[in-house]
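Trainee: I'd like to ask you about the structure that follows.
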Amino acid sequence: MGGVVSAPDRAAEAAGEVRRRRDRIYDPDPEGAQRQRSRGMLLPRERIELLLDPGTEWPFGYTLGRDANLFGFGEIGGRPVAYRTWDPTIRGGAAGWQNRRPSKEHFALIEKGALPQFNLAQSAGGQMNLNSLSSTFAGFAGGMINVRNALPRRGVVLSAILGRAYAPFMATMDDFTVITKDTTMAFVSPLIVQQATGAKATAEEIGGAEVHATVTGQVDRVVDDEPAAIAMLRTVFSYLPGSAYEHAPVVRTGDPADRTSPELTGIVPSYPNKPYDVRAVIDAVADGGSFLEWGPDFGRSMVTGLARFDGQSVVVIANQPKIQAGALTHASMTKARRMLWLASDFGLPLVCFADTPGLFTTMEQEHRGILTMATNYGSDRMRIRSPKVCVVMGKAIGLAYFFMGGSDPEGMTFAWPNAQISYIGPEGGVRVAYRQQLAEADDPRALLDELAEPFRKAMNPWRGAAVAGIDDVIEPAETRPRVIRALRALAHRGDRDRRLRA
Amino acid sequence: MTDERSTTWEERVALVREARAAVEVFDTGRALPEGALSPRGRIAALLDGGSFLEMGALSRSQHDAVADRTPADGAITGYGTIDGREVAVIAEDPLALAATDAQVAKAKRSRLIDQVVYRGIPLVYLADGAARPYPTFPAGEGLMHLRGADQYWARDIAERSAPFVAVVFGVCRGQDAVLATAADVVVATSAAGISLTESDGRRPDAADVVASDDREAIELAKRVLSLIPDDASSPLTPVVAPSAPASPLDDAGGDVVEGVFDDGTVVRFAGGPAGVAAVDGLPVAFFAAAGGTPLDGDAVARLHRVAAISRRHRIPLLVTQDCAGYGPSVGPRDVRALVGELHASDAVKISIVTGRGHVLGDFVLGGRGCGYDVIWAWPTAQISTGDARVYEPGTADAADGPWAAADLGIVDDVILPSETRAWLVRALRTLALSRAVPPARYDRGTRLLDQE
């Protein structure tokens, strides 16, 4: 009988081949899967199921070849998304070259549909084989860079680092990155570090979650495990528009828009010289329980994150008087710039809470290049065209006042009556201007106090309000209704994208 | 002497309330003529209660000597809602030493206009100035406090996409007058005067609509505003609740404005044939020429006003004609400018010949050459290319009925007067999406070939 195959058999065989190829993702390499399981980690399949709404997955290009890149589409909260993940059961998840074509097609569809993109990363980097050398690499890398950075931003990009990840650039070109606490992310492995420099270091020392959360600022949140990381991506996404062409979903919690916050005068001092936790202010003013902090352990003199005001998602940037008196540091501005990009790329309103003595003036900060950082921060802030509201809760000194959105002609500035707005702090200014007198005084401390008092008085917000640089001086309790009202008034009409990008 | 550092929250909050009360008293504590409102009273009459969000609420002149007499520096600016719709407002205060050089006020107006233009927010300008000459203050004093005062009008209000309505209550002069006349519609009270310089005297003809008092002016402004959507690039949808016309047409014809448009929505410019209205809730700009007489220069100017509103906001333009061409007061440059306006417009344009009419060439009331999309005629229409009596004095008017034109396809259809409203609504609904579609632009010559 040999080679004779009936037509139905051929069809069945073809279908079987499709299923078999497709199922390779459902039935991973047993040895690799075993390795993954023994580390207590999830398989790609399980990660995708946690990410997407049930039954919405559209795997993309799975029948083409067995490779460590997996792409697809699906829905989250009923909104269309794209995902990209790596299969750690195959060569440690090292990106192969077999799937470069579907990868580019996948990117092209993401671009065309302005789709939000989710990266679930665990990867050993790139595979080294004869096919991966110069010519193909050049083609692939060009496509990758082109899609994300050379074109204007379209969809949001959110990433989770779920396992040891080397060179996960998809995850560092993104808008939000979450990492699980026991994992690492780095450009190269300890072995390569050792080869290059002879230095011995563990993967954790080079790029552990803790290092990124506190030193590099390359991740926005650290969570306990993989399900929490993927749940975090879904939560963050619920605050964001899918792309620059949409508005963020409005999620009302039942917190009334006209609710006042009388507790604020118990949190914030009436003269700005005592530390307090600005998170308590944000919690009191935003929709109850809506504040989602980004980068809580990095650049801690600023508090950044997403919140909702009457259901409307906003980017929040606040000074943290509890840490370094709320001074702007190289690290805190690095962190806050990510939030500025988010606001300008996706038209999210920006709400700033200012209580800062200015830029952090230490030699270490100067050596890190705080001047250049300040320039970059300032120009990023000016680029924002979405609604902007600034609340001055205390000190707003020097360049930092502008950096926090104070007196932005395109936004609204509300000051509490305790606000101190000036280009230099009273005591600091007096120390410089009267240094001779202070040096010669019997009681320099008393003289400083005496000389500074008129400046303390003159730094009030009333003069700024008189020349309309401040839109109103408000009672702290009124802050929430004012911010909500201002966000509504400043919203864009009609073709939002055309306006934002004009 | 209280130490600044020991000032309590209670003392600080008391200052906020005091400052607000002072602003309030300046506004409410003034004597007003019969039927007049204070600037904040006008804002209250315009906006939904409690919706006003003031910008620069505690601002005053930069000259400390007059600070007490200049709340808001004479220009109250901010945002509020009208029937839930967000709008921006500038209200001039004639009592607040408005005739100072008012650098703070200039910065406030400039900033609001900037926001209005780039965010696409509707603007209402409540103009009112004192009938006094401008005193001068030392130039430069106080400028250090201000942003943007040196670039008065950071953006040209003409770049806006959302509607702009000006209401003029008193003297509106100089830069105020230049701003007010940039509005889509200028409403004025009978007490108002709009002029560029003092010596011009009062020129009420710069107003489109005249009201008897402040409240009526504000109501008219709200009606106009309700008829112009925020965004010119979304599909045409009802802007007001539909209602029946005041006196629906029967087949004997009659007044199109009363017989076609929704009752209570019509705003006529200068009481004449031009204006804005709603038909079945959909906004239209209209010009209804009646009486069979020629268009005069004034009529061409009014048609230009409504054509400009139609173009900028892409709301449909409806013209009806029963007229005998142009009269001697119409200049060719005025017509040329109007033809350009009509050509440049991507709005739906519909012409109905109700009596004597001309539908050829670039006649501004219905020439295909002016880009009219639909041309209908009533059965009683007399359509001609000119008046035969001009060529053969002594002969009767040789205008045809509508049928020859219909047979040639010069008019698209002959409709009964009683059907006019229904057909109009059907056409507007059919073409509703055209607002959202980028206008088609053809290469030179292609358009003609397409139409062959």
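Just remember, in the structure tokens the first chain shown is A, the second B, etc., residues are 1-based per chain, and ligands are 1-based in the order shown.
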Which residues of chain A are close to chain B, meaning at most 9 Å apart when you count only C-alpha atoms, and how do they look as an MDAnalysis selection string?
Mentor: chainID A and resid 265 269:273 385:386 409:413 416:418 453:454 456:457 462:476 482 485:486 488:496 499:500 502
Trainee: Hey, what's within 12 Å of Leu408 in chain B if we count only C-alpha atoms and toss same-chain stuff fewer than 4 positions away? As an NGL selection string, please?
Mentor: :B and (359-360 or 383 or 402-404 or 412-413)
Trainee: Could you save the residues just selected, with N, CA and C atoms, as a PDB file, in the first residue's frame?
Mentor:
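Final output, saved to result_27.pdb:
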```pdb
ATOM      1  N   VAL B 359     -28.893  79.707 -10.387  1.00  0.00           N
ATOM      2  CA  VAL B 359     -28.174  78.554  -9.847  1.00  0.00           C
ATOM      3  C   VAL B 359     -26.916  78.228 -10.638  1.00  0.00           C
ATOM      4  N   LEU B 360     -26.544  79.120 -11.529  1.00  0.00           N
ATOM      5  CA  LEU B 360     -25.385  78.824 -12.358  1.00  0.00           C
ATOM      6  C   LEU B 360     -24.140  79.526 -11.840  1.00  0.00           C
ATOM      7  N   ILE B 383     -36.345  80.112 -12.448  1.00  0.00           N
ATOM      8  CA  ILE B 383     -34.895  80.020 -12.522  1.00  0.00           C
ATOM      9  C   ILE B 383     -34.403  80.550 -13.857  1.00  0.00           C
ATOM     10  N   PRO B 402     -39.083  75.934 -12.575  1.00  0.00           N
ATOM     11  CA  PRO B 402     -37.935  75.107 -12.180  1.00  0.00           C
ATOM     12  C   PRO B 402     -37.690  73.937 -13.116  1.00  0.00           C
ATOM     13  N   TRP B 403     -38.654  73.645 -14.011  1.00  0.00           N
ATOM     14  CA  TRP B 403     -38.594  72.352 -14.682  1.00  0.00           C
ATOM     15  C   TRP B 403     -37.488  72.241 -15.699  1.00  0.00           C
ATOM     16  N   ALA B 404     -37.260  73.343 -16.448  1.00  0.00           N
ATOM     17  CA  ALA B 404     -36.173  73.282 -17.438  1.00  0.00           C
ATOM     18  C   ALA B 404     -34.848  73.041 -16.739  1.00  0.00           C
ATOM     19  N   ASP B 412     -31.188  69.833  -8.385  1.00  0.00           N
ATOM     20  CA  ASP B 412     -31.190  68.393  -8.144  1.00  0.00           C
ATOM     21  C   ASP B 412     -32.584  67.817  -8.037  1.00  0.00           C
ATOM     22  N   ASP B 413     -33.509  68.667  -7.609  1.00  0.00           N
ATOM     23  CA  ASP B 413     -34.869  68.167  -7.493  1.00  0.00           C
ATOM     24  C   ASP B 413     -35.814  69.333  -7.287  1.00  0.00           C
TER      25      ASP B 413
END
```
Trainee: In Å, how far is it from CA of Ile397 in chain A to CA of Thr356 in chain A?
Mentor: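 Between CA of Ile397 in chain A and CA of Thr356 in chain A the gap is 6.4 Å.
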Trainee: Quick one: residues within 12 Å of Val437 in chain B, only C-alpha atoms counted, chain neighbours fewer than 5 positions away excluded, as a short mmCIF file (atom, residue, chain, number, x, y, z; two decimals) with all heavy atoms, in the first residue's frame?
Mentor:
```cif
data_model
loop_
_atom_site.label_atom_id
_atom_site.label_comp_id
_atom_site.auth_asym_id
_atom_site.auth_seq_id
_atom_site.Cartn_x
_atom_site.Cartn_y
_atom_site.Cartn_z
N ALA B 232 -15.05 70.42 15.25
CA ALA B 232 -15.50 70.45 13.86
C ALA B 232 -15.22 69.16 13.12
O ALA B 232 -15.49 69.06 11.94
CB ALA B 232 -14.84 71.62 13.14
N SER B 233 -14.67 68.15 13.79
CA SER B 233 -14.29 66.95 13.06
C SER B 233 -15.00 65.70 13.55
O SER B 233 -14.57 64.60 13.30
CB SER B 233 -12.77 66.76 13.12
OG SER B 233 -12.35 66.67 14.44
N SER B 234 -16.09 65.87 14.30
CA SER B 234 -16.87 64.69 14.68
C SER B 234 -18.17 64.70 13.88
O SER B 234 -18.61 65.76 13.41
CB SER B 234 -17.15 64.70 16.18
OG SER B 234 -17.80 65.90 16.52
N PRO B 235 -18.80 63.53 13.69
CA PRO B 235 -20.02 63.50 12.88
C PRO B 235 -21.08 64.46 13.42
O PRO B 235 -21.14 64.73 14.62
CB PRO B 235 -20.49 62.05 13.03
CG PRO B 235 -19.27 61.29 13.40
CD PRO B 235 -18.43 62.23 14.20
N LEU B 236 -21.88 64.99 12.50
CA LEU B 236 -22.92 65.94 12.90
C LEU B 236 -23.98 65.23 13.74
O LEU B 236 -24.58 64.25 13.29
CB LEU B 236 -23.57 66.55 11.65
CG LEU B 236 -24.47 67.74 11.88
CD1 LEU B 236 -23.65 68.97 12.26
CD2 LEU B 236 -25.31 68.05 10.64
N ARG B 314 -17.72 73.65 10.44
CA ARG B 314 -18.28 72.61 9.58
C ARG B 314 -19.72 72.32 9.95
O ARG B 314 -20.12 71.16 10.08
CB ARG B 314 -17.46 71.33 9.68
CG ARG B 314 -16.23 71.33 8.79
CD ARG B 314 -15.86 69.90 8.55
NE ARG B 314 -14.60 69.73 7.87
CZ ARG B 314 -14.12 68.54 7.54
NH1 ARG B 314 -14.78 67.45 7.85
NH2 ARG B 314 -12.99 68.44 6.92
N ASP B 346 -15.65 73.05 3.81
CA ASP B 346 -15.95 71.62 3.67
C ASP B 346 -17.29 71.27 4.29
O ASP B 346 -17.66 70.11 4.38
CB ASP B 346 -14.86 70.79 4.33
CG ASP B 346 -13.53 71.00 3.66
OD1 ASP B 346 -13.48 70.91 2.43
OD2 ASP B 346 -12.55 71.27 4.37
N ALA B 347 -18.02 72.26 4.75
CA ALA B 347 -19.33 72.00 5.35
C ALA B 347 -20.32 71.60 4.25
O ALA B 347 -20.11 71.89 3.07
CB ALA B 347 -19.83 73.24 6.08
N LEU B 431 -25.50 63.13 5.25
CA LEU B 431 -24.14 63.66 5.09
C LEU B 431 -23.46 63.94 6.43
O LEU B 431 -22.41 64.60 6.48
CB LEU B 431 -24.18 64.93 4.25
CG LEU B 431 -24.71 64.71 2.82
CD1 LEU B 431 -24.92 66.04 2.12
CD2 LEU B 431 -23.74 63.85 2.02
N ALA B 432 -24.04 63.40 7.53
CA ALA B 432 -23.53 63.75 8.87
C ALA B 432 -22.07 63.39 9.04
O ALA B 432 -21.30 64.13 9.65
CB ALA B 432 -24.37 63.04 9.93
#
```
Trainee: Where does DSSP see strand (DSSP E) in range 18-121 of chain B, if you list the residues as a list of chain:residue names?
Mentor: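 Everything in range 18-121 of chain B that counts as strand (DSSP E) is B:Leu53, B:Glu54, B:Met55, B:Ala75, B:Ile76, B:Thr77, B:Gly78, B:Tyr79, B:Gly80, B:Thr81, B:Ile82, B:Arg85, B:Glu86, B:Val87, B:Ala88, B:Val89, B:Ile90, B:Ala91, B:Glu92.
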Trainee: Find the distance between CA of Ile375 in chain B and CA of Arg268 in chain B and write it in Å to one decimal.
Mentor: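 For CA of Ile375 in chain B relative to CA of Arg268 in chain B, the distance reads 22.9 Å.
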Trainee: If you run DSSP on the backbone, which residues of range 30-136 of chain B are helix (DSSP H, G or I), as an NGL selection string?
Mentor: :B and (39-46 or 64-69 or 71-74 or 103-119)
Trainee: How about saving the chosen residues, N, CA and C atoms kept, as an mmCIF file, in the first residue's frame?
Mentor:
```
data_model
loop_
_atom_site.group_PDB
_atom_site.id
_atom_site.type_symbol
_atom_site.label_atom_id
_atom_site.label_comp_id
_atom_site.auth_asym_id
_atom_site.auth_seq_id
_atom_site.Cartn_x
_atom_site.Cartn_y
_atom_site.Cartn_z
ATOM 1 N N PRO B 39 -20.175 92.407 36.494
ATOM 2 C CA PRO B 39 -19.415 91.384 35.746
ATOM 3 C C PRO B 39 -19.593 89.988 36.320
ATOM 4 N N ARG B 40 -19.530 89.847 37.643
ATOM 5 C CA ARG B 40 -19.727 88.515 38.219
ATOM 6 C C ARG B 40 -21.183 88.082 38.123
ATOM 7 N N GLY B 41 -22.104 89.085 38.125
ATOM 8 C CA GLY B 41 -23.518 88.776 37.905
ATOM 9 C C GLY B 41 -23.733 88.216 36.503
ATOM 10 N N ARG B 42 -22.995 88.763 35.530
ATOM 11 C CA ARG B 42 -23.094 88.252 34.151
ATOM 12 C C ARG B 42 -22.553 86.826 34.068
ATOM 13 N N ILE B 43 -21.451 86.598 34.755
ATOM 14 C CA ILE B 43 -20.896 85.234 34.750
ATOM 15 C C ILE B 43 -21.892 84.276 35.391
ATOM 16 N N ALA B 44 -22.510 84.715 36.483
ATOM 17 C CA ALA B 44 -23.490 83.854 37.169
ATOM 18 C C ALA B 44 -24.677 83.567 36.256
ATOM 19 N N ALA B 45 -25.091 84.602 35.480
ATOM 20 C CA ALA B 45 -26.230 84.407 34.582
ATOM 21 C C ALA B 45 -25.859 83.477 33.429
ATOM 22 N N LEU B 46 -24.581 83.478 33.064
ATOM 23 C CA LEU B 46 -24.130 82.674 31.923
ATOM 24 C C LEU B 46 -23.941 81.204 32.293
ATOM 25 N N ASP B 64 0.721 98.798 43.364
ATOM 26 C CA ASP B 64 0.193 98.645 44.707
ATOM 27 C C ASP B 64 -0.750 99.783 45.090
ATOM 28 N N ALA B 65 -0.506 100.973 44.542
ATOM 29 C CA ALA B 65 -1.306 102.136 44.923
ATOM 30 C C ALA B 65 -2.784 101.940 44.579
ATOM 31 N N VAL B 66 -3.074 101.171 43.525
ATOM 32 C CA VAL B 66 -4.471 101.020 43.121
ATOM 33 C C VAL B 66 -4.956 99.583 43.347
ATOM 34 N N ALA B 67 -4.194 98.796 44.088
ATOM 35 C CA ALA B 67 -4.530 97.379 44.238
ATOM 36 C C ALA B 67 -5.942 97.178 44.779
ATOM 37 N N ASP B 68 -6.337 98.019 45.732
ATOM 38 C CA ASP B 68 -7.656 97.836 46.339
ATOM 39 C C ASP B 68 -8.789 98.088 45.355
ATOM 40 N N ARG B 69 -8.530 98.913 44.362
ATOM 41 C CA ARG B 69 -9.608 99.286 43.436
ATOM 42 C C ARG B 69 -9.571 98.463 42.149
ATOM 43 N N PRO B 71 -9.773 94.689 41.697
ATOM 44 C CA PRO B 71 -9.868 93.229 41.800
ATOM 45 C C PRO B 71 -9.899 92.594 40.404
ATOM 46 N N ALA B 72 -9.207 91.499 40.281
ATOM 47 C CA ALA B 72 -9.055 90.774 39.008
ATOM 48 C C ALA B 72 -8.338 91.624 37.957
ATOM 49 N N ASP B 73 -7.845 92.783 38.352
ATOM 50 C CA ASP B 73 -7.272 93.761 37.434
ATOM 51 C C ASP B 73 -8.236 94.068 36.291
ATOM 52 N N GLY B 74 -9.512 93.983 36.611
ATOM 53 C CA GLY B 74 -10.506 94.386 35.630
ATOM 54 C C GLY B 74 -10.838 93.352 34.572
ATOM 55 N N GLN B 103 -1.578 95.443 33.064
ATOM 56 C CA GLN B 103 -0.671 94.388 32.587
ATOM 57 C C GLN B 103 -1.085 93.014 33.082
ATOM 58 N N VAL B 104 -1.572 92.952 34.323
ATOM 59 C CA VAL B 104 -1.997 91.659 34.860
ATOM 60 C C VAL B 104 -3.182 91.134 34.051
ATOM 61 N N ALA B 105 -4.127 92.027 33.756
ATOM 62 C CA ALA B 105 -5.299 91.621 32.978
ATOM 63 C C ALA B 105 -4.881 91.122 31.601
ATOM 64 N N LYS B 106 -3.905 91.806 30.999
ATOM 65 C CA LYS B 106 -3.449 91.384 29.672
ATOM 66 C C LYS B 106 -2.855 89.979 29.729
ATOM 67 N N ALA B 107 -2.053 89.748 30.762
ATOM 68 C CA ALA B 107 -1.450 88.423 30.893
ATOM 69 C C ALA B 107 -2.536 87.370 31.090
ATOM 70 N N LYS B 108 -3.582 87.702 31.850
ATOM 71 C CA LYS B 108 -4.651 86.724 32.110
ATOM 72 C C LYS B 108 -5.418 86.400 30.831
ATOM 73 N N ARG B 109 -5.788 87.458 30.090
ATOM 74 C CA ARG B 109 -6.540 87.211 28.848
ATOM 75 C C ARG B 109 -5.698 86.383 27.880
ATOM 76 N N SER B 110 -4.440 86.798 27.759
ATOM 77 C CA SER B 110 -3.547 86.134 26.822
ATOM 78 C C SER B 110 -3.421 84.649 27.154
ATOM 79 N N ARG B 111 -3.297 84.372 28.448
ATOM 80 C CA ARG B 111 -3.117 82.991 28.877
ATOM 81 C C ARG B 111 -4.381 82.166 28.625
ATOM 82 N N LEU B 112 -5.539 82.759 28.909
ATOM 83 C CA LEU B 112 -6.785 82.015 28.693
ATOM 84 C C LEU B 112 -6.971 81.717 27.203
ATOM 85 N N ILE B 113 -6.682 82.725 26.364
ATOM 86 C CA ILE B 113 -6.861 82.527 24.925
ATOM 87 C C ILE B 113 -5.913 81.434 24.421
ATOM 88 N N ASP B 114 -4.707 81.427 24.967
ATOM 89 C CA ASP B 114 -3.757 80.378 24.610
ATOM 90 C C ASP B 114 -4.349 79.000 24.923
ATOM 91 N N GLN B 115 -4.908 78.854 26.095
ATOM 92 C CA GLN B 115 -5.492 77.564 26.482
ATOM 93 C C GLN B 115 -6.695 77.219 25.601
ATOM 94 N N VAL B 116 -7.522 78.236 25.326
ATOM 95 C CA VAL B 116 -8.714 78.027 24.500
ATOM 96 C C VAL B 116 -8.318 77.509 23.120
ATOM 97 N N VAL B 117 -7.270 78.110 22.551
ATOM 98 C CA VAL B 117 -6.888 77.742 21.184
ATOM 99 C C VAL B 117 -6.330 76.325 21.158
ATOM 100 N N TYR B 118 -5.415 76.004 22.095
ATOM 101 C CA TYR B 118 -4.785 74.693 21.902
ATOM 102 C C TYR B 118 -5.568 73.553 22.523
ATOM 103 N N ARG B 119 -6.494 73.838 23.406
ATOM 104 C CA ARG B 119 -7.302 72.736 23.929
ATOM 105 C C ARG B 119 -8.660 72.622 23.244
#
```
Trainee: May I have the residues within 8 Å of range 242-253 of chain A as a compact mmCIF listing (two decimals) with N, CA and C atoms, in the first residue's frame, using only C-alpha atoms and disregarding those fewer than 4 positions away in the same chain?
Mentor:
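Below is the file that was written, out_0.txt:
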```
# COMPACT_ATOMS: atom_id res chain seq x y z
N ARG A 79 -10.15 45.09 26.62
CA ARG A 79 -9.44 45.97 25.67
C ARG A 79 -8.37 45.17 24.93
N VAL A 81 -4.98 43.88 23.36
CA VAL A 81 -3.57 44.07 23.71
C VAL A 81 -2.73 43.11 22.89
N ALA A 114 -2.07 50.46 17.00
CA ALA A 114 -1.74 51.27 18.19
C ALA A 114 -2.04 50.46 19.45
N LEU A 115 -1.57 49.20 19.45
CA LEU A 115 -1.93 48.30 20.54
C LEU A 115 -1.01 48.46 21.73
N PRO A 116 -1.57 48.32 22.92
CA PRO A 116 -0.70 48.23 24.09
C PRO A 116 0.08 46.91 24.04
N ARG A 153 5.32 57.64 19.81
CA ARG A 153 4.70 56.66 20.68
C ARG A 153 3.26 56.43 20.27
N ARG A 154 2.85 55.17 20.28
CA ARG A 154 1.45 54.85 20.01
C ARG A 154 0.88 54.13 21.21
N GLY A 155 1.13 52.79 21.26
CA GLY A 155 0.57 52.04 22.38
C GLY A 155 1.46 52.11 23.61
N VAL A 156 0.87 51.85 24.78
CA VAL A 156 1.67 51.76 25.99
C VAL A 156 2.43 50.44 25.98
N PHE A 237 -2.48 48.80 33.84
CA PHE A 237 -3.15 49.01 32.55
C PHE A 237 -4.54 49.62 32.75
N SER A 238 -5.19 49.30 33.87
CA SER A 238 -6.54 49.82 34.08
C SER A 238 -6.52 51.34 34.26
N ASP A 287 -9.17 59.92 44.61
CA ASP A 287 -10.24 58.96 44.89
C ASP A 287 -9.73 57.93 45.89
N GLY A 288 -10.57 57.59 46.84
CA GLY A 288 -10.15 56.71 47.93
C GLY A 288 -9.48 55.44 47.42
N ARG A 308 -6.54 58.37 40.63
CA ARG A 308 -7.77 58.79 39.93
C ARG A 308 -8.40 59.95 40.69
N ASP A 310 -12.08 61.65 40.60
CA ASP A 310 -13.43 61.46 40.06
C ASP A 310 -13.39 60.48 38.89
N GLY A 311 -12.61 59.44 39.05
CA GLY A 311 -12.55 58.38 38.05
C GLY A 311 -11.56 58.61 36.94
N GLN A 312 -11.07 59.84 36.80
CA GLN A 312 -10.14 60.19 35.71
C GLN A 312 -8.71 59.85 36.15
N SER A 313 -8.02 59.07 35.33
CA SER A 313 -6.63 58.73 35.65
C SER A 313 -5.73 59.94 35.50
N ASP A 345 3.31 61.42 26.47
CA ASP A 345 3.07 60.47 25.39
C ASP A 345 1.60 60.08 25.28
N PHE A 346 0.92 60.00 26.40
CA PHE A 346 -0.44 59.45 26.37
C PHE A 346 -1.50 60.44 26.83
N GLY A 347 -1.12 61.70 26.94
CA GLY A 347 -2.12 62.72 27.24
C GLY A 347 -2.75 62.59 28.61
N LEU A 348 -2.05 61.93 29.53
CA LEU A 348 -2.61 61.84 30.88
C LEU A 348 -2.41 63.17 31.60
N ARG A 496 -8.07 64.65 20.07
CA ARG A 496 -7.11 64.87 21.13
C ARG A 496 -5.68 64.73 20.62
N ASP A 497 -5.49 63.73 19.79
CA ASP A 497 -4.13 63.46 19.35
C ASP A 497 -3.59 64.60 18.51
```
Trainee: Quick one: everything within 9 Å of Cys370 in chain B, counting only C-alpha atoms, minus sequence neighbours fewer than 2 positions away in the same chain. Send it as a ChimeraX atom specification.
Mentor: /B:339-343,361-368,372
